[in-house]
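**Q** Got work-v1.cif for you, mmCIF, C-alpha atoms, pLDDT in the B column; chains and numbers go by the auth columns:
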```cif
data_query
#
loop_
_atom_site.group_PDB
_atom_site.id
_atom_site.type_symbol
_atom_site.label_atom_id
_atom_site.label_comp_id
_atom_site.label_asym_id
_atom_site.label_seq_id
_atom_site.Cartn_x
_atom_site.Cartn_y
_atom_site.Cartn_z
_atom_site.B_iso_or_equiv
_atom_site.auth_seq_id
_atom_site.auth_asym_id
ATOM 1 C CA MET A 1 12.939 6.526 12.296 44.00 1 A
ATOM 2 C CA LYS A 2 11.699 3.179 13.520 52.00 2 A
ATOM 3 C CA VAL A 3 9.613 1.235 11.012 52.00 3 A
ATOM 4 C CA SER A 4 6.680 -0.813 12.237 53.00 4 A
ATOM 5 C CA LEU A 5 6.284 -4.021 10.283 56.00 5 A
ATOM 6 C CA SER A 6 2.706 -4.473 11.481 63.00 6 A
ATOM 7 C CA LYS A 7 1.437 -1.314 9.749 74.00 7 A
ATOM 8 C CA ALA A 8 2.033 -0.657 6.065 72.00 8 A
ATOM 9 C CA PRO A 9 2.857 2.895 4.941 75.00 9 A
ATOM 10 C CA THR A 10 -0.298 4.697 3.850 77.00 10 A
ATOM 11 C CA ASP A 11 1.163 7.171 1.388 81.00 11 A
ATOM 12 C CA ALA A 12 3.973 7.405 -1.128 82.00 12 A
ATOM 13 C CA ALA A 13 6.104 9.794 0.957 84.00 13 A
ATOM 14 C CA GLU A 14 6.066 7.484 3.952 84.00 14 A
ATOM 15 C CA MET A 15 6.886 4.527 1.695 80.00 15 A
ATOM 16 C CA ALA A 16 9.780 6.470 0.165 81.00 16 A
ATOM 17 C CA ARG A 17 11.260 7.018 3.640 82.00 17 A
ATOM 18 C CA VAL A 18 11.069 3.282 4.358 80.00 18 A
ATOM 19 C CA VAL A 19 12.655 2.397 1.004 79.00 19 A
ATOM 20 C CA ARG A 20 15.546 4.856 1.495 81.00 20 A
ATOM 21 C CA GLN A 21 16.465 2.950 4.639 81.00 21 A
ATOM 22 C CA ALA A 22 16.540 -0.426 2.873 79.00 22 A
ATOM 23 C CA ASP A 23 19.177 -2.001 0.652 85.00 23 A
ATOM 24 C CA ASP A 24 18.454 -2.237 -3.092 82.00 24 A
ATOM 25 C CA VAL A 25 17.049 -5.771 -3.149 81.00 25 A
ATOM 26 C CA THR A 26 14.877 -5.163 -0.127 86.00 26 A
ATOM 27 C CA ALA A 27 13.749 -1.808 -1.514 83.00 27 A
ATOM 28 C CA VAL A 28 12.558 -3.389 -4.765 85.00 28 A
ATOM 29 C CA ARG A 29 10.636 -6.052 -2.871 86.00 29 A
ATOM 30 C CA LEU A 30 9.108 -3.473 -0.518 84.00 30 A
ATOM 31 C CA LEU A 31 7.890 -1.439 -3.472 87.00 31 A
ATOM 32 C CA GLN A 32 6.449 -4.518 -5.181 91.00 32 A
ATOM 33 C CA VAL A 33 4.545 -5.609 -2.095 91.00 33 A
ATOM 34 C CA TRP A 34 3.376 -2.083 -1.277 89.00 34 A
ATOM 35 C CA GLY A 35 2.189 -1.539 -4.859 92.00 35 A
ATOM 36 C CA LEU A 36 0.236 -4.790 -4.775 92.00 36 A
ATOM 37 C CA LYS A 37 -1.357 -3.784 -1.485 92.00 37 A
ATOM 38 C CA GLN A 38 -2.328 -0.380 -2.896 92.00 38 A
ATOM 39 C CA ARG A 39 -3.936 -2.035 -5.950 93.00 39 A
ATOM 40 C CA GLU A 40 -5.887 -4.395 -3.686 93.00 40 A
ATOM 41 C CA ILE A 41 -7.119 -1.477 -1.604 92.00 41 A
ATOM 42 C CA GLY A 42 -8.144 0.408 -4.747 92.00 42 A
ATOM 43 C CA ALA A 43 -9.963 -2.624 -6.136 94.00 43 A
ATOM 44 C CA ARG A 44 -11.759 -3.202 -2.840 94.00 44 A
ATOM 45 C CA ASN A 45 -12.818 0.433 -2.671 94.00 45 A
ATOM 46 C CA GLU A 46 -14.119 0.292 -6.253 95.00 46 A
ATOM 47 C CA ILE A 47 -16.131 -2.867 -5.524 95.00 47 A
ATOM 48 C CA ASN A 48 -17.604 -1.261 -2.415 94.00 48 A
ATOM 49 C CA SER A 49 -18.451 1.863 -4.403 95.00 49 A
ATOM 50 C CA GLN A 50 -20.195 -0.191 -7.097 94.00 50 A
ATOM 51 C CA LEU A 51 -22.143 -2.152 -4.466 94.00 51 A
ATOM 52 C CA GLU A 52 -23.275 1.081 -2.796 94.00 52 A
ATOM 53 C CA ARG A 53 -24.524 2.404 -6.165 93.00 53 A
ATOM 54 C CA ILE A 54 -26.388 -0.847 -6.861 93.00 54 A
ATOM 55 C CA ASN A 55 -27.975 -0.903 -3.414 91.00 55 A
ATOM 56 C CA ALA A 56 -28.887 2.805 -3.384 81.00 56 A
#
```
Let me see whether you can do it: turn the structure in this file into structure tokens.
**A**
Amino acid sequence: MKVSLSKAPTDAAEMARVVRQADDVTAVRLLQVWGLKQREIGARNEINSQLERINA
């Protein structure tokens, strides 16, 4: 499987496949960065949801 660095994995299963291909240090870093990205996406979605409720 070829991993594209320009597109982050969108789900946990896809991320797990990427991590299995990496060495331990790289795997930890990948998980840290991916987790941060997922939290940012969740926060952005929550803000957008709140704004939609306010503007409705």
**Q** Please identify all polymer residues within 12 Å of region 37-46 of chain A, counting all atoms listed in the file, omitting same-chain residues fewer than 4 positions from it, and present them as number ranges by chain.
**A** A: 7-12, 15, 30-33, 50-53
**Q** Quick check, in Å to one decimal: how far apart do CA of Trp34 (chain A) and CA of Ile47 (chain A) lie?
**A** 20.0 Å
**Q** Suppose you want the space between CA of Leu36 (chain A) and CA of Arg17 (chain A); what is it in Å?
**A**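 Rounded to one decimal, the two atoms are 18.2 Å apart.
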